[in-house]
Each structure stands twice: as C-alpha cells, then as structure tokens.
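Peer 1: After the structure tokens below, expect a handful of questions from me.
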Amino acid sequence: MARKGILSTALNPQSPAAPAAKPKMMPRGAVGALQSSLSKLQESAVQEVDTALIDDAGYEDRLGLDGAAMNQLKESLQTYGQQVPVLLRPHPKAPGRYEIVYGRRRLRALRDLGLPVKAMVRQLDDHALVMAQGQENTSRQDLSFIEKASFAAQLQSDGYDRQTIAAALSIDLPMVSRMLKVGNAFELPFLRLIGSAPGIGRERWMALVKLFEDPAAKARAVTMTNRPDFLTHDSDGRFDAVLQHAQNAPQEQKPVPAPPKTRALPGSNGAAVAGIKSTAKGITLTISAKDAPGFDTWFDENAERIMIELHGRWQQDQPEQPED
C-alpha cells in the first residue's frame, strides 16, 4: 500500500474492519475508536478560526508584501470569500492557540478585514511543519528565486541537512548548494528591504554575491537602501539600484581649478590701457587697440627692451643669497 503524505488525513474506506472486541473491552474500545475517528474527522474538516488566536511559525518565505497585490487579494476575499484554506497546527506551548504553517498572505489580509480564517488544523511536529511549508512553496509559481534561497538558508541555519532541504523544496542537491550560496550571502533584513524581486534570477543574484565580497561595494549597496527614494521603486527596481551602487565605485573628485583672475592695468592718466589674467600656469597681458589706440603697436615694437628692463628691476628686488 502506498505511503500517505505528511498532510494526508483522509479515512481509507478500503481498510479492513478491526476484529470484534471482547464484551468486557467494548466500552474502552468503542470510546477509543470514537475518539480516533473524531480526531481524524476534525483534521480533515475546514474550520473557521479567529485570526487573533494564530501566531507565526515555520520560516519566512515571503520577502515583503507588495501593497498593490495585497489590496487585490483583499478585494478578492471580500468579493468571492476565501476559497483556499490555510494550514495551522495547534500551538505546542499555548493551549487554545494555533501556529500558521502556510497561507500567511491570506491570514494577513483576513486579519486586516476583520474576518475569521478558514483553516485545516494538523498535528505537525517541527520537521513535518518544515516539509509541509516547503512543499507548499514548491507548488506556488509566484515564489521568487531569492525567496526560495532565503527559505533554504533559514532551514540550514536551524540545523536541517541538505537532504532535508532538497526534499522540502523538491530540488536536487546541486540546486540546494546554489541556493544556499545566495541565501547565506545576505542578511534577512537586507532582503526584506529589496523584496521578492520576481524578475531577478539566480545569475544576477550571484553577481551581487560576488560584489559583496568587497566590503566597500557591500557598504555602497547597503547605503543605497537607506535613501528616501529607495522604496519608491518596485522590488526589481530596488535590486537594480543596489546592484548598480555595488558595481560603481565613486569617481575620484579632481580639484576644480580656480577661475582665472583678470584685472585692469591703468595708464598714466588713470584709464585702463591693458588687462592682465593670472592662472596657475602664468599670466597673460592683453593690450587692446580700442582702449589705448597706438599703445599696443608701441608696446609690440618695444616689448624686448621693456621686458629686459622689468626683469632687471625684478632681479634687483630679490633678496641676496648668502655666500657658501
């Protein structure tokens, strides 16, 4: 007979009838059988549960909730009601309370709407909870690569081996290794800021993993997430912004040269007859024919003599150097 899955609780109508109990054991046997049947029927039935009685459990498999998608889910629940139940387990430490196994988005939407949640309740230990949540994740087409990689990394950090992770996500061991390399490279708060990034595949996440090996690149990427405009992008856009800032080291700022200083040079009558411009490379003397008609021609003819005279005066003004 085929083995039942971890979530299979239906009664098997083909099972052979139990042998008749002895008369003196009838009360105990009947009560025990009735209790067992009621327990199985209760697990198979969909129940309405107050959302205030439900706590988180398992591992974070959603990296942020898109506001538009959440509003759309709320509208659908208001219009058509809850069509797919969530899975709960009785809280192992708080009698009368429950823990969510999967269906977190539906639970949050119904909680916001003030409606009870339709749920199946299963007796699951921690290992069975992981397997149930992982198998549910595998069947959801909208779970992104980074969400699955983060889920795998959370399982590993809690001590689950790679074989268990592979079984939970229905993937092979090489894919487990690839997912863990990405999932372990980033802290969960950082991934929450980026979100699910549904359009970003493994190759681009691996490129970011490689960049994060450089502490300076990682610091630039994390700084980007603190900018006020970061959350104005959608999830894919936030990843692109982080990747771009991790890739692009800031350009070395070259000092801006001081603007040239130009001043007028007055003649004997006090009017400007020339202009002098000072730069880091030297000075430029300009004599305009308009400002001093004829002076420009005279200066050109006597430039050599004037320069020798000026240079000689400059040398005379230099302090004397001590003899050796």
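Chain lettering (A, B, ...) mirrors the order of the structure tokens, residue numbering begins at 1 for each chain separately, and ligand numbering begins at 1 in order of display.
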I'd like the neighbourhood of Phe299 of chain A as a VMD selection string, where a residue qualifies if any of its atoms comes within 12 Å (using only C-alpha atoms), though same-chain residues fewer than 4 positions away should be ignored.
Peer 2: chain A and resid 273 to 274 285 to 289 292 to 295 303 to 307
Peer 1: Quick one: everything within 8 Å of Tyr98 of chain A, counting only C-alpha atoms, minus sequence neighbours fewer than 4 positions away in the same chain. Send it as an MDAnalysis selection string.
Peer 2: chainID A and resid 53:55 88:91 94
Peer 1: Counting only C-alpha atoms, figure out which residue out of A:Asp112, A:Glu60, A:Asp50, A:Asp126 gets nearest to Ser150 of chain A.
Peer 2: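 Of the candidates, the smallest distance to Ser150 of chain A is held by A:Glu60.
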Peer 1: I'd like the neighbourhood of Ile146 of chain A as a VMD selection string, where a residue qualifies if any of its atoms comes within 9 Å (using only C-alpha atoms), though same-chain residues fewer than 3 positions away should be ignored.
Peer 2: chain A and resid 63 143 149 to 151 179 182 to 183 191 195 to 198 200 to 202 205
Peer 1: Report the distance between atom CA of Ala132 of chain A and atom CA of Ala166 of chain A in Å, rounded to one decimal place.
Peer 2: 13.0 Å
Peer 1: Using only C-alpha atoms, can you tell me which of A:Asp61, A:Val117, A:Asp125, A:Val242 comes closest to Asn226 of chain A?
Peer 2: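 For Asn226 of chain A, the nearest of the given residues is A:Val242.
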Peer 1: State, in Å with one decimal place, the distance from atom CA of Ile194 of chain A to atom CA of Tyr102 of chain A.
Peer 2: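 These atoms are spaced 22.1 Å apart.
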Peer 1: Among segment 202-272 of chain A, which residues does DSSP mark as strand (DSSP E or B) when it is run on the backbone? Keep the chain and numbering as in the structure and answer as a list in words.
Peer 2: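 DSSP-assigned strand (DSSP E or B) residues in segment 202-272 of chain A: Lys261, Thr262, Arg263, Ala264, Leu265, Pro266 and Ala272 of chain A.
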Peer 1: Which residues are near Glu75 of chain A? Cut-off 12 Å, only C-alpha atoms, ignore same chain within fewer than 5 positions. Put them as an MDAnalysis selection string.
Peer 2: chainID A and resid 68:70 80:82 106 109:110 112:113
Peer 1: Pick from A:Arg111, A:Gln135, A:Ala52, A:Val121: nearest to Val86 of chain A, with only C-alpha atoms counted?
Peer 2: A:Val121
Peer 1: I'd like to know which of A:Glu99, A:Glu48, A:Asp56, A:Asp158 is closest to Lys118 of chain A, using only C-alpha atoms.
Peer 2: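 The answer is A:Glu48, which sits nearest to Lys118 of chain A.
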Peer 1: Provide the atom CA of Leu124 of chain A to atom CA of Ser144 of chain A distance in Å, to one decimal place.
Peer 2: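 Interatomic distance here is 26.2 Å.
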Peer 1: Would you kindly return, as a list of chain:residue names, each protein, DNA or RNA residue with an atom no farther than 7 Å from any atom of segment 217-221 of chain A, considering only C-alpha atoms and excluding same-chain residues fewer than 4 positions away?
Peer 2: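 Residues meeting the cut-off are A:Leu211, A:Phe212, A:Thr225, A:Val242, A:Leu243, A:His245, A:Ala246, A:Gln247.
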Peer 1: May I ask which of the residues A:Ser278, A:Ala264, A:Leu193, A:Asp161 is the closest one to Phe239 of chain A, counting only C-alpha atoms?
Peer 2: A:Leu193
